file protein.pdb (PDB, C-alpha atoms, pLDDT in the B column)
ATOM      1  CA  MET A   1      22.488  20.617   3.971  1.00 74.00           C
ATOM      2  CA  SER A   2      23.681  20.446   0.376  1.00 89.00           C
ATOM      3  CA  THR A   3      21.687  21.308  -2.737  1.00 92.00           C
ATOM      4  CA  GLU A   4      22.128  20.337  -6.378  1.00 94.00           C
ATOM      5  CA  LEU A   5      20.156  21.505  -9.419  1.00 94.00           C
ATOM      6  CA  LEU A   6      19.745  18.984 -12.243  1.00 95.00           C
ATOM      7  CA  ALA A   7      18.186  20.506 -15.356  1.00 96.00           C
ATOM      8  CA  PRO A   8      16.486  18.560 -18.157  1.00 96.00           C
ATOM      9  CA  ASP A   9      18.023  18.416 -21.633  1.00 92.00           C
ATOM     10  CA  GLY A  10      15.417  20.806 -23.041  1.00 94.00           C
ATOM     11  CA  PRO A  11      13.311  23.663 -21.687  1.00 96.00           C
ATOM     12  CA  SER A  12      12.264  23.074 -18.095  1.00 98.00           C
ATOM     13  CA  LYS A  13       8.587  22.657 -17.216  1.00 98.00           C
ATOM     14  CA  GLY A  14       9.343  23.796 -13.661  1.00 98.00           C
ATOM     15  CA  THR A  15      11.456  22.937 -10.633  1.00 98.00           C
ATOM     16  CA  ILE A  16      10.601  20.069  -8.286  1.00 98.00           C
ATOM     17  CA  THR A  17      12.366  20.190  -4.920  1.00 98.00           C
ATOM     18  CA  LEU A  18      13.256  16.723  -3.635  1.00 98.00           C
ATOM     19  CA  VAL A  19      14.533  16.387  -0.054  1.00 98.00           C
ATOM     20  CA  HIS A  20      16.442  13.283   1.049  1.00 96.00           C
ATOM     21  CA  LEU A  21      16.151  13.031   4.827  1.00 95.00           C
ATOM     22  CA  TYR A  22      19.341  12.004   6.663  1.00 93.00           C
ATOM     23  CA  PRO A  23      21.316  10.451   3.772  1.00 91.00           C
ATOM     24  CA  ARG A  24      24.333   9.621   5.998  1.00 88.00           C
ATOM     25  CA  GLU A  25      22.494   8.128   8.959  1.00 88.00           C
ATOM     26  CA  MET A  26      19.498   6.540   7.239  1.00 84.00           C
ATOM     27  CA  SER A  27      20.524   5.132   3.858  1.00 83.00           C
ATOM     28  CA  ILE A  28      22.639   2.077   4.597  1.00 79.00           C
ATOM     29  CA  TYR A  29      20.964  -0.418   2.252  1.00 80.00           C
ATOM     30  CA  GLY A  30      21.297   1.392  -1.056  1.00 81.00           C
ATOM     31  CA  ASP A  31      18.317   3.652  -0.446  1.00 89.00           C
ATOM     32  CA  ARG A  32      20.149   6.683  -1.774  1.00 90.00           C
ATOM     33  CA  GLY A  33      19.624   5.050  -5.158  1.00 93.00           C
ATOM     34  CA  ASN A  34      15.969   6.015  -4.832  1.00 95.00           C
ATOM     35  CA  THR A  35      16.915   9.685  -4.705  1.00 96.00           C
ATOM     36  CA  HIS A  36      19.082   9.267  -7.811  1.00 96.00           C
ATOM     37  CA  ALA A  37      16.227   7.447  -9.553  1.00 96.00           C
ATOM     38  CA  LEU A  38      13.710  10.163  -8.660  1.00 98.00           C
ATOM     39  CA  ALA A  39      16.026  12.971  -9.768  1.00 98.00           C
ATOM     40  CA  SER A  40      16.787  11.221 -13.056  1.00 97.00           C
ATOM     41  CA  ARG A  41      13.140  10.568 -13.769  1.00 98.00           C
ATOM     42  CA  ILE A  42      12.150  14.138 -12.898  1.00 98.00           C
ATOM     43  CA  ARG A  43      14.678  15.298 -15.516  1.00 98.00           C
ATOM     44  CA  ARG A  44      13.456  12.761 -18.079  1.00 97.00           C
ATOM     45  CA  HIS A  45       9.940  14.140 -17.653  1.00 98.00           C
ATOM     46  CA  GLY A  46      11.266  17.597 -18.516  1.00 98.00           C
ATOM     47  CA  TYR A  47      11.444  19.175 -15.066  1.00 98.00           C
ATOM     48  CA  THR A  48      14.409  20.540 -13.116  1.00 98.00           C
ATOM     49  CA  ALA A  49      15.250  18.483 -10.040  1.00 98.00           C
ATOM     50  CA  GLU A  50      16.460  20.425  -7.011  1.00 98.00           C
ATOM     51  CA  VAL A  51      17.958  17.742  -4.778  1.00 98.00           C
ATOM     52  CA  VAL A  52      18.416  18.710  -1.126  1.00 97.00           C
ATOM     53  CA  LEU A  53      20.285  16.487   1.346  1.00 96.00           C
ATOM     54  CA  HIS A  54      18.926  17.231   4.814  1.00 95.00           C
ATOM     55  CA  ASP A  55      21.284  16.450   7.703  1.00 93.00           C
ATOM     56  CA  PRO A  56      20.559  16.735  11.433  1.00 92.00           C
ATOM     57  CA  GLY A  57      20.676  20.348  12.586  1.00 92.00           C
ATOM     58  CA  THR A  58      20.512  21.925   9.134  1.00 94.00           C
ATOM     59  CA  PRO A  59      17.705  24.219   7.934  1.00 94.00           C
ATOM     60  CA  PHE A  60      14.567  22.359   6.880  1.00 96.00           C
ATOM     61  CA  ARG A  61      13.017  22.998   3.459  1.00 96.00           C
ATOM     62  CA  ASP A  62       9.354  23.350   4.292  1.00 96.00           C
ATOM     63  CA  ASP A  63       8.703  24.415   0.676  1.00 97.00           C
ATOM     64  CA  ALA A  64       9.777  21.031  -0.751  1.00 98.00           C
ATOM     65  CA  HIS A  65       7.502  19.063  -3.058  1.00 98.00           C
ATOM     66  CA  LEU A  66       8.794  15.515  -2.475  1.00 98.00           C
ATOM     67  CA  PHE A  67      10.587  13.670   0.351  1.00 98.00           C
ATOM     68  CA  MET A  68      12.617  10.466   0.539  1.00 97.00           C
ATOM     69  CA  GLY A  69      13.982   8.739   3.641  1.00 94.00           C
ATOM     70  CA  GLY A  70      15.823   5.421   3.894  1.00 91.00           C
ATOM     71  CA  GLY A  71      16.786   2.659   6.263  1.00 86.00           C
ATOM     72  CA  GLY A  72      19.267   2.627   9.106  1.00 76.00           C
ATOM     73  CA  GLN A  73      20.335   0.798  12.212  1.00 70.00           C
ATOM     74  CA  ASP A  74      18.922   1.558  15.662  1.00 64.00           C
ATOM     75  CA  SER A  75      21.951   3.769  16.304  1.00 66.00           C
ATOM     76  CA  GLY A  76      21.190   5.793  13.164  1.00 65.00           C
ATOM     77  CA  GLN A  77      17.612   6.260  14.251  1.00 69.00           C
ATOM     78  CA  ALA A  78      18.801   7.525  17.624  1.00 72.00           C
ATOM     79  CA  ARG A  79      21.158  10.042  15.951  1.00 78.00           C
ATOM     80  CA  VAL A  80      18.351  11.660  13.973  1.00 86.00           C
ATOM     81  CA  GLU A  81      15.760  11.539  16.750  1.00 84.00           C
ATOM     82  CA  ALA A  82      16.255  15.099  18.026  1.00 87.00           C
ATOM     83  CA  ASP A  83      16.190  16.672  14.575  1.00 92.00           C
ATOM     84  CA  LEU A  84      13.208  14.586  13.517  1.00 92.00           C
ATOM     85  CA  GLU A  85      11.366  15.720  16.644  1.00 91.00           C
ATOM     86  CA  ALA A  86      12.101  19.348  15.698  1.00 94.00           C
ATOM     87  CA  ILE A  87      10.909  19.088  12.108  1.00 96.00           C
ATOM     88  CA  GLY A  88       8.237  16.474  12.835  1.00 95.00           C
ATOM     89  CA  PRO A  89       5.245  18.805  13.255  1.00 96.00           C
ATOM     90  CA  THR A  90       6.037  20.469   9.927  1.00 97.00           C
ATOM     91  CA  LEU A  91       6.506  17.100   8.213  1.00 97.00           C
ATOM     92  CA  ALA A  92       3.207  15.884   9.640  1.00 97.00           C
ATOM     93  CA  SER A  93       1.427  19.035   8.468  1.00 98.00           C
ATOM     94  CA  MET A  94       2.913  18.677   4.979  1.00 98.00           C
ATOM     95  CA  ALA A  95       1.938  15.000   4.843  1.00 98.00           C
ATOM     96  CA  ALA A  96      -1.636  15.886   5.832  1.00 98.00           C
ATOM     97  CA  ASP A  97      -1.627  18.494   3.052  1.00 98.00           C
ATOM     98  CA  GLY A  98      -0.802  15.802   0.494  1.00 98.00           C
ATOM     99  CA  VAL A  99       2.947  16.232  -0.019  1.00 98.00           C
ATOM    100  CA  PRO A 100       4.318  12.955  -1.445  1.00 98.00           C
ATOM    101  CA  MET A 101       6.829  11.087   0.708  1.00 98.00           C
ATOM    102  CA  LEU A 102       8.572   7.733   0.382  1.00 98.00           C
ATOM    103  CA  VAL A 103      10.021   6.367   3.627  1.00 97.00           C
ATOM    104  CA  ILE A 104      11.805   3.027   3.821  1.00 96.00           C
ATOM    105  CA  CYS A 105      12.639   0.647   6.659  1.00 93.00           C
ATOM    106  CA  GLY A 106      14.035   2.728   9.538  1.00 89.00           C
ATOM    107  CA  MET A 107      12.387   5.958   8.391  1.00 92.00           C
ATOM    108  CA  TYR A 108       9.142   4.065   7.816  1.00 95.00           C
ATOM    109  CA  GLN A 109       9.293   2.971  11.443  1.00 92.00           C
ATOM    110  CA  LEU A 110       9.950   6.533  12.651  1.00 91.00           C
ATOM    111  CA  PHE A 111       7.001   7.844  10.607  1.00 95.00           C
ATOM    112  CA  GLY A 112       4.822   5.522  12.688  1.00 97.00           C
ATOM    113  CA  ASN A 113       3.657   5.864  16.272  1.00 96.00           C
ATOM    114  CA  SER A 114       6.718   4.381  17.997  1.00 91.00           C
ATOM    115  CA  PHE A 115       9.618   1.959  17.636  1.00 85.00           C
ATOM    116  CA  HIS A 116      10.412  -0.322  20.587  1.00 87.00           C
ATOM    117  CA  THR A 117      14.020  -1.538  20.327  1.00 83.00           C
ATOM    118  CA  VAL A 118      15.265  -4.952  21.474  1.00 82.00           C
ATOM    119  CA  THR A 119      17.070  -3.219  24.354  1.00 83.00           C
ATOM    120  CA  GLY A 120      13.820  -1.757  25.673  1.00 84.00           C
ATOM    121  CA  GLN A 121      14.308   1.785  24.374  1.00 82.00           C
ATOM    122  CA  VAL A 122      11.194   3.455  22.986  1.00 86.00           C
ATOM    123  CA  LEU A 123      11.751   5.861  20.103  1.00 82.00           C
ATOM    124  CA  PRO A 124       8.666   8.028  19.593  1.00 87.00           C
ATOM    125  CA  GLY A 125       7.506   8.385  16.017  1.00 92.00           C
ATOM    126  CA  LEU A 126       5.769  11.156  14.119  1.00 95.00           C
ATOM    127  CA  GLY A 127       2.409   9.404  13.912  1.00 96.00           C
ATOM    128  CA  ILE A 128       2.062  10.173  10.193  1.00 98.00           C
ATOM    129  CA  LEU A 129       1.407   6.472   9.605  1.00 98.00           C
ATOM    130  CA  ASP A 130      -0.654   4.504  12.123  1.00 98.00           C
ATOM    131  CA  VAL A 131       1.891   1.731  12.669  1.00 98.00           C
ATOM    132  CA  THR A 132       3.840   0.461  15.670  1.00 97.00           C
ATOM    133  CA  THR A 133       7.134  -1.439  15.440  1.00 95.00           C
ATOM    134  CA  ARG A 134       8.861  -3.736  17.903  1.00 93.00           C
ATOM    135  CA  GLY A 135      12.387  -5.046  17.498  1.00 89.00           C
ATOM    136  CA  ASN A 136      12.999  -8.769  17.906  1.00 87.00           C
ATOM    137  CA  ASP A 137      15.816 -11.286  17.502  1.00 85.00           C
ATOM    138  CA  LYS A 138      14.519 -12.659  14.219  1.00 86.00           C
ATOM    139  CA  ARG A 139      15.590 -10.903  11.025  1.00 92.00           C
ATOM    140  CA  MET A 140      13.275 -10.890   8.028  1.00 95.00           C
ATOM    141  CA  VAL A 141      15.584 -11.005   5.032  1.00 95.00           C
ATOM    142  CA  GLY A 142      15.101 -11.795   1.376  1.00 95.00           C
ATOM    143  CA  PRO A 143      13.425 -10.846  -1.910  1.00 96.00           C
ATOM    144  CA  VAL A 144       9.845  -9.616  -1.801  1.00 97.00           C
ATOM    145  CA  CYS A 145       6.942  -9.380  -4.232  1.00 97.00           C
ATOM    146  CA  VAL A 146       3.964  -7.234  -3.280  1.00 98.00           C
ATOM    147  CA  ASP A 147       0.624  -6.593  -4.978  1.00 97.00           C
ATOM    148  CA  THR A 148      -0.085  -2.848  -4.900  1.00 98.00           C
ATOM    149  CA  GLU A 149      -2.346  -0.381  -6.649  1.00 96.00           C
ATOM    150  CA  PHE A 150       0.603   0.265  -8.968  1.00 96.00           C
ATOM    151  CA  GLY A 151       0.865  -3.409  -9.933  1.00 96.00           C
ATOM    152  CA  SER A 152       3.416  -5.970  -8.790  1.00 96.00           C
ATOM    153  CA  VAL A 153       6.266  -4.304  -6.890  1.00 97.00           C
ATOM    154  CA  VAL A 154       9.533  -6.092  -6.097  1.00 97.00           C
ATOM    155  CA  GLY A 155      12.374  -5.369  -3.700  1.00 96.00           C
ATOM    156  CA  TYR A 156      14.542  -6.778  -0.942  1.00 95.00           C
ATOM    157  CA  GLU A 157      13.841  -6.633   2.781  1.00 95.00           C
ATOM    158  CA  ASN A 158      16.289  -6.753   5.695  1.00 94.00           C
ATOM    159  CA  HIS A 159      14.736  -5.839   9.031  1.00 92.00           C
ATOM    160  CA  SER A 160      14.294  -7.173  12.531  1.00 90.00           C
ATOM    161  CA  GLY A 161      11.521  -4.754  13.398  1.00 90.00           C
ATOM    162  CA  SER A 162       8.041  -6.236  13.317  1.00 95.00           C
ATOM    163  CA  THR A 163       5.438  -3.663  12.307  1.00 97.00           C
ATOM    164  CA  VAL A 164       1.713  -3.838  12.995  1.00 97.00           C
ATOM    165  CA  LEU A 165      -0.848  -1.605  11.299  1.00 98.00           C
ATOM    166  CA  GLY A 166      -3.493   0.294  13.239  1.00 97.00           C
ATOM    167  CA  ALA A 167      -7.104  -0.725  12.709  1.00 95.00           C
ATOM    168  CA  GLY A 168      -7.802   1.776   9.940  1.00 94.00           C
ATOM    169  CA  GLN A 169      -4.348   1.950   8.370  1.00 98.00           C
ATOM    170  CA  ARG A 170      -4.099   0.977   4.695  1.00 98.00           C
ATOM    171  CA  PRO A 171      -1.056  -1.128   3.739  1.00 98.00           C
ATOM    172  CA  PHE A 172       1.172  -0.301   0.794  1.00 98.00           C
ATOM    173  CA  GLY A 173       0.388  -3.747  -0.557  1.00 98.00           C
ATOM    174  CA  THR A 174      -0.271  -7.429   0.004  1.00 98.00           C
ATOM    175  CA  VAL A 175       2.629  -9.865   0.247  1.00 98.00           C
ATOM    176  CA  ARG A 176       2.887 -12.520  -2.459  1.00 97.00           C
ATOM    177  CA  ALA A 177       6.417 -13.583  -1.498  1.00 97.00           C
ATOM    178  CA  GLY A 178       8.543 -12.567   1.482  1.00 97.00           C
ATOM    179  CA  TYR A 179       7.727 -11.387   4.991  1.00 97.00           C
ATOM    180  CA  GLY A 180       6.413  -7.830   4.675  1.00 97.00           C
ATOM    181  CA  ASN A 181       5.526  -5.937   7.827  1.00 97.00           C
ATOM    182  CA  ASN A 182       5.751  -8.848  10.242  1.00 96.00           C
ATOM    183  CA  GLY A 183       5.688 -12.188   8.408  1.00 95.00           C
ATOM    184  CA  GLU A 184       2.230 -12.992   9.761  1.00 95.00           C
ATOM    185  CA  ASP A 185      -0.626 -10.826   8.509  1.00 96.00           C
ATOM    186  CA  GLY A 186       0.291 -10.607   4.803  1.00 97.00           C
ATOM    187  CA  THR A 187       0.628  -6.833   4.735  1.00 98.00           C
ATOM    188  CA  GLU A 188       3.590  -4.816   3.473  1.00 98.00           C
ATOM    189  CA  GLY A 189       4.199  -1.200   4.304  1.00 98.00           C
ATOM    190  CA  ALA A 190       1.576   1.474   4.868  1.00 98.00           C
ATOM    191  CA  ARG A 191       0.056   4.315   2.904  1.00 98.00           C
ATOM    192  CA  THR A 192      -1.776   7.439   4.029  1.00 98.00           C
ATOM    193  CA  LEU A 193      -2.649  10.047   1.385  1.00 98.00           C
ATOM    194  CA  ASN A 194       0.592  10.404  -0.627  1.00 98.00           C
ATOM    195  CA  VAL A 195       2.918   9.018   2.062  1.00 98.00           C
ATOM    196  CA  ILE A 196       4.247   5.525   1.347  1.00 98.00           C
ATOM    197  CA  GLY A 197       6.099   3.556   3.997  1.00 98.00           C
ATOM    198  CA  THR A 198       7.721   0.247   3.051  1.00 98.00           C
ATOM    199  CA  TYR A 199      10.454  -2.216   3.975  1.00 97.00           C
ATOM    200  CA  LEU A 200      11.523  -2.693   0.355  1.00 96.00           C
ATOM    201  CA  HIS A 201      15.132  -1.906  -0.437  1.00 93.00           C
ATOM    202  CA  GLY A 202      16.890  -2.830  -3.641  1.00 83.00           C
ATOM    203  CA  PRO A 203      16.742   0.159  -4.061  1.00 86.00           C
ATOM    204  CA  LEU A 204      13.003   0.126  -4.650  1.00 95.00           C
ATOM    205  CA  LEU A 205      12.437   2.713  -7.374  1.00 97.00           C
ATOM    206  CA  PRO A 206      14.818   1.713 -10.199  1.00 95.00           C
ATOM    207  CA  ALA A 207      12.982  -1.616 -10.547  1.00 95.00           C
ATOM    208  CA  ASN A 208       9.535  -0.063 -10.030  1.00 97.00           C
ATOM    209  CA  PRO A 209       9.442   3.200 -12.021  1.00 97.00           C
ATOM    210  CA  MET A 210       5.647   3.354 -11.875  1.00 97.00           C
ATOM    211  CA  VAL A 211       5.958   4.150  -8.167  1.00 98.00           C
ATOM    212  CA  SER A 212       8.387   6.970  -9.005  1.00 98.00           C
ATOM    213  CA  ASP A 213       5.945   8.412 -11.516  1.00 98.00           C
ATOM    214  CA  ALA A 214       3.071   8.333  -9.015  1.00 98.00           C
ATOM    215  CA  LEU A 215       5.135  10.352  -6.524  1.00 98.00           C
ATOM    216  CA  ILE A 216       6.481  12.729  -9.182  1.00 98.00           C
ATOM    217  CA  ALA A 217       3.011  13.369 -10.617  1.00 98.00           C
ATOM    218  CA  VAL A 218       1.798  14.784  -7.303  1.00 98.00           C
ATOM    219  CA  ALA A 219       5.028  16.702  -6.734  1.00 98.00           C
ATOM    220  CA  ALA A 220       4.927  18.263 -10.211  1.00 98.00           C
ATOM    221  CA  GLU A 221       1.408  19.557  -9.739  1.00 98.00           C
ATOM    222  CA  ARG A 222       2.320  21.032  -6.363  1.00 98.00           C
ATOM    223  CA  ALA A 223       5.471  22.624  -7.800  1.00 98.00           C
ATOM    224  CA  THR A 224       3.906  24.196 -10.881  1.00 98.00           C
ATOM    225  CA  GLY A 225       0.210  24.563 -10.123  1.00 97.00           C
ATOM    226  CA  ARG A 226      -0.476  22.653 -13.342  1.00 97.00           C
ATOM    227  CA  PRO A 227      -1.347  19.022 -14.000  1.00 97.00           C
ATOM    228  CA  PHE A 228       1.633  16.691 -14.401  1.00 98.00           C
ATOM    229  CA  GLU A 229       3.013  16.823 -17.958  1.00 97.00           C
ATOM    230  CA  PRO A 230       4.782  13.472 -18.380  1.00 97.00           C
ATOM    231  CA  GLU A 231       7.051  12.561 -21.235  1.00 97.00           C
ATOM    232  CA  PRO A 232       6.618   9.186 -22.971  1.00 95.00           C
ATOM    233  CA  MET A 233       8.782   6.651 -21.174  1.00 92.00           C
ATOM    234  CA  SER A 234      10.197   3.276 -22.098  1.00 93.00           C
ATOM    235  CA  ASP A 235      11.694   1.196 -19.286  1.00 94.00           C
ATOM    236  CA  PRO A 236      12.501  -2.186 -20.859  1.00 96.00           C
ATOM    237  CA  LEU A 237      15.332  -3.071 -18.469  1.00 94.00           C
ATOM    238  CA  ALA A 238      13.337  -2.227 -15.351  1.00 95.00           C
ATOM    239  CA  ASP A 239      10.262  -3.992 -16.695  1.00 95.00           C
ATOM    240  CA  GLU A 240      12.214  -7.128 -17.571  1.00 95.00           C
ATOM    241  CA  ALA A 241      14.024  -7.174 -14.214  1.00 94.00           C
ATOM    242  CA  ARG A 242      10.755  -6.787 -12.336  1.00 95.00           C
ATOM    243  CA  SER A 243       8.971  -9.421 -14.442  1.00 95.00           C
ATOM    244  CA  ARG A 244      11.780 -11.925 -13.944  1.00 95.00           C
ATOM    245  CA  GLN A 245      11.730 -11.365 -10.203  1.00 95.00           C
ATOM    246  CA  VAL A 246       7.962 -11.853 -10.072  1.00 96.00           C
ATOM    247  CA  ARG A 247       8.201 -15.053 -12.109  1.00 95.00           C
ATOM    248  CA  ARG A 248      11.026 -16.347  -9.919  1.00 94.00           C
ATOM    249  CA  LEU A 249       9.200 -15.619  -6.674  1.00 95.00           C
ATOM    250  CA  VAL A 250       5.593 -16.485  -7.487  1.00 92.00           C
ATOM    251  CA  GLY A 251       5.751 -18.218 -10.841  1.00 81.00           C
ATOM    252  CA  THR A 252       3.247 -16.029 -12.706  1.00 58.00           C
ATOM    253  CA  ARG A 253       3.144 -12.837 -14.757  1.00 44.00           C
TER
END
call {"tool": "encode", "arguments": {"input": "protein.pdb", "output": "structure tokens"}}
result
Amino acid sequence: MSTELLAPDGPSKGTITLVHLYPREMSIYGDRGNTHALASRIRRHGYTAEVVLHDPGTPFRDDAHLFMGGGGQDSGQARVEADLEAIGPTLASMAADGVPMLVICGMYQLFGNSFHTVTGQVLPGLGILDVTTRGNDKRMVGPVCVDTEFGSVVGYENHSGSTVLGAGQRPFGTVRAGYGNNGEDGTEGARTLNVIGTYLHGPLLPANPMVSDALIAVAAERATGRPFEPEPMSDPLADEARSRQVRRLVGTR
């Protein structure tokens, strides 16, 4: 486990602890960029970002305010399985208590009920999200546009796992372009309380800062006991990149 403190330019409004789960094993598609984006935006909002990289076998920060986990191959998922099983009950309890978490691709699958690999291995999940994933020979690859409560969200997917939502599970969004969870039912990702699971890489957050702010807002209130105190933000490059991607994929907005 390594820890870094990143202070804002002015007086700090408080410290937000951000934990990146398994950055070596489960961040192979640029997902570590999401942690950089969150830390930078925490600082821009006037808070100190305490960034913790959690590796298998290291102490777990059960006092953290925000979690991020990325994608990985089946072998990476297997390498973190024992540690995830050990910290899983605490993660599940924190999720139920409203701690914000963003989990992508492989970690999204492991936050579900189970992942059934193409070789027949069953990796049990944490059950935080009511989803089940099965590996298959077809890869779902390409740019994605999703309608969410935050607006249009764009990213890039690269997964062979096909995920199905449980009967009462809310998706992260509705697919406008791309495959999403399985290429069939029009859903993308899953959301329960403040936990967001998604297949969107890119990385996701630099192009969609409104998702970052939604996660940070909850984390800031948990960290300080006060309502989120955002700074005015201008994100012209991110907004233009996202708008161009939406226009390219679906031809509107």
call {"tool": "atom_distance", "arguments": {"input": "protein.pdb", "atom1": "atom CA of A:Thr174", "atom2": "atom CA of A:Pro206"}}
result
20.4 Å
call {"tool": "closest_residue", "arguments": {"input": "protein.pdb", "among": "A:Gly151, A:Gly202, A:Gly10, A:Gly72", "to": "A:Ala214", "atoms": "all atoms listed in the file"}}
result
A:Gly151
call {"tool": "atom_distance", "arguments": {"input": "protein.pdb", "atom1": "atom CA of A:Ala223", "atom2": "atom CA of A:Lys13"}}
result
9.9 Å
call {"tool": "residues_near_point", "arguments": {"input": "protein.pdb", "point": "(12.2, 13.4, -5.1)", "cutoff": "9 Å", "atoms": "all atoms listed in the file", "output": "PyMOL selection string"}}
result
chain A and resi 16-20+34-39+42+49-51+65-68+100-102+212+215-216+219
call {"tool": "residues_near_point", "arguments": {"input": "protein.pdb", "point": "(14.1, -6.8, -3.0)", "cutoff": "12 Å", "atoms": "only C-alpha atoms", "output": "ChimeraX atom specification"}}
result
/A:29-31,140-146,153-158,177-180,198-208,241-242,245-246,249
call {"tool": "write_last_selection", "arguments": {"input": "protein.pdb", "atoms": "C-alpha atoms", "output": "short mmCIF file (atom, residue, chain, number, x, y, z; two decimals), in the frame of the given file"}}
result
data_model
loop_
_atom_site.label_atom_id
_atom_site.label_comp_id
_atom_site.auth_asym_id
_atom_site.auth_seq_id
_atom_site.Cartn_x
_atom_site.Cartn_y
_atom_site.Cartn_z
CA TYR A 29 20.96 -0.42 2.25
CA GLY A 30 21.30 1.39 -1.06
CA ASP A 31 18.32 3.65 -0.45
CA MET A 140 13.28 -10.89 8.03
CA VAL A 141 15.58 -11.00 5.03
CA GLY A 142 15.10 -11.80 1.38
CA PRO A 143 13.42 -10.85 -1.91
CA VAL A 144 9.85 -9.62 -1.80
CA CYS A 145 6.94 -9.38 -4.23
CA VAL A 146 3.96 -7.23 -3.28
CA VAL A 153 6.27 -4.30 -6.89
CA VAL A 154 9.53 -6.09 -6.10
CA GLY A 155 12.37 -5.37 -3.70
CA TYR A 156 14.54 -6.78 -0.94
CA GLU A 157 13.84 -6.63 2.78
CA ASN A 158 16.29 -6.75 5.70
CA ALA A 177 6.42 -13.58 -1.50
CA GLY A 178 8.54 -12.57 1.48
CA TYR A 179 7.73 -11.39 4.99
CA GLY A 180 6.41 -7.83 4.68
CA THR A 198 7.72 0.25 3.05
CA TYR A 199 10.45 -2.22 3.98
CA LEU A 200 11.52 -2.69 0.36
CA HIS A 201 15.13 -1.91 -0.44
CA GLY A 202 16.89 -2.83 -3.64
CA PRO A 203 16.74 0.16 -4.06
CA LEU A 204 13.00 0.13 -4.65
CA LEU A 205 12.44 2.71 -7.37
CA PRO A 206 14.82 1.71 -10.20
CA ALA A 207 12.98 -1.62 -10.55
CA ASN A 208 9.54 -0.06 -10.03
CA ALA A 241 14.02 -7.17 -14.21
CA ARG A 242 10.76 -6.79 -12.34
CA GLN A 245 11.73 -11.36 -10.20
CA VAL A 246 7.96 -11.85 -10.07
CA LEU A 249 9.20 -15.62 -6.67
#
call {"tool": "closest_atom_pairs", "arguments": {"input": "protein.pdb", "of": "stretch 115-219 of chain A", "to": "stretch 78-89 of chain A", "cutoff": "12 Å", "atoms": "all atoms listed in the file", "output": "CSV"}}
result
residue,atom,partner,partner_atom,distance
A:Phe115,CA,A:Ala78,CA,10.7
A:His116,CA,A:Ala78,CA,11.9
A:Thr117,CA,A:Ala78,CA,10.6
A:Gln121,CA,A:Ala78,CA,9.9
A:Val122,CA,A:Ala78,CA,10.2
A:Leu123,CA,A:Ala78,CA,7.7
A:Pro124,CA,A:Glu81,CA,8.4
A:Gly125,CA,A:Glu85,CA,8.3
A:Leu126,CA,A:Gly88,CA,6.0
A:Gly127,CA,A:Gly88,CA,9.2
A:Ile128,CA,A:Gly88,CA,9.2
call {"tool": "closest_residue", "arguments": {"input": "protein.pdb", "among": "A:Pro56, A:Gly98, A:Gly173, A:Gly46", "to": "A:Glu149", "atoms": "only C-alpha atoms"}}
result
A:Gly173
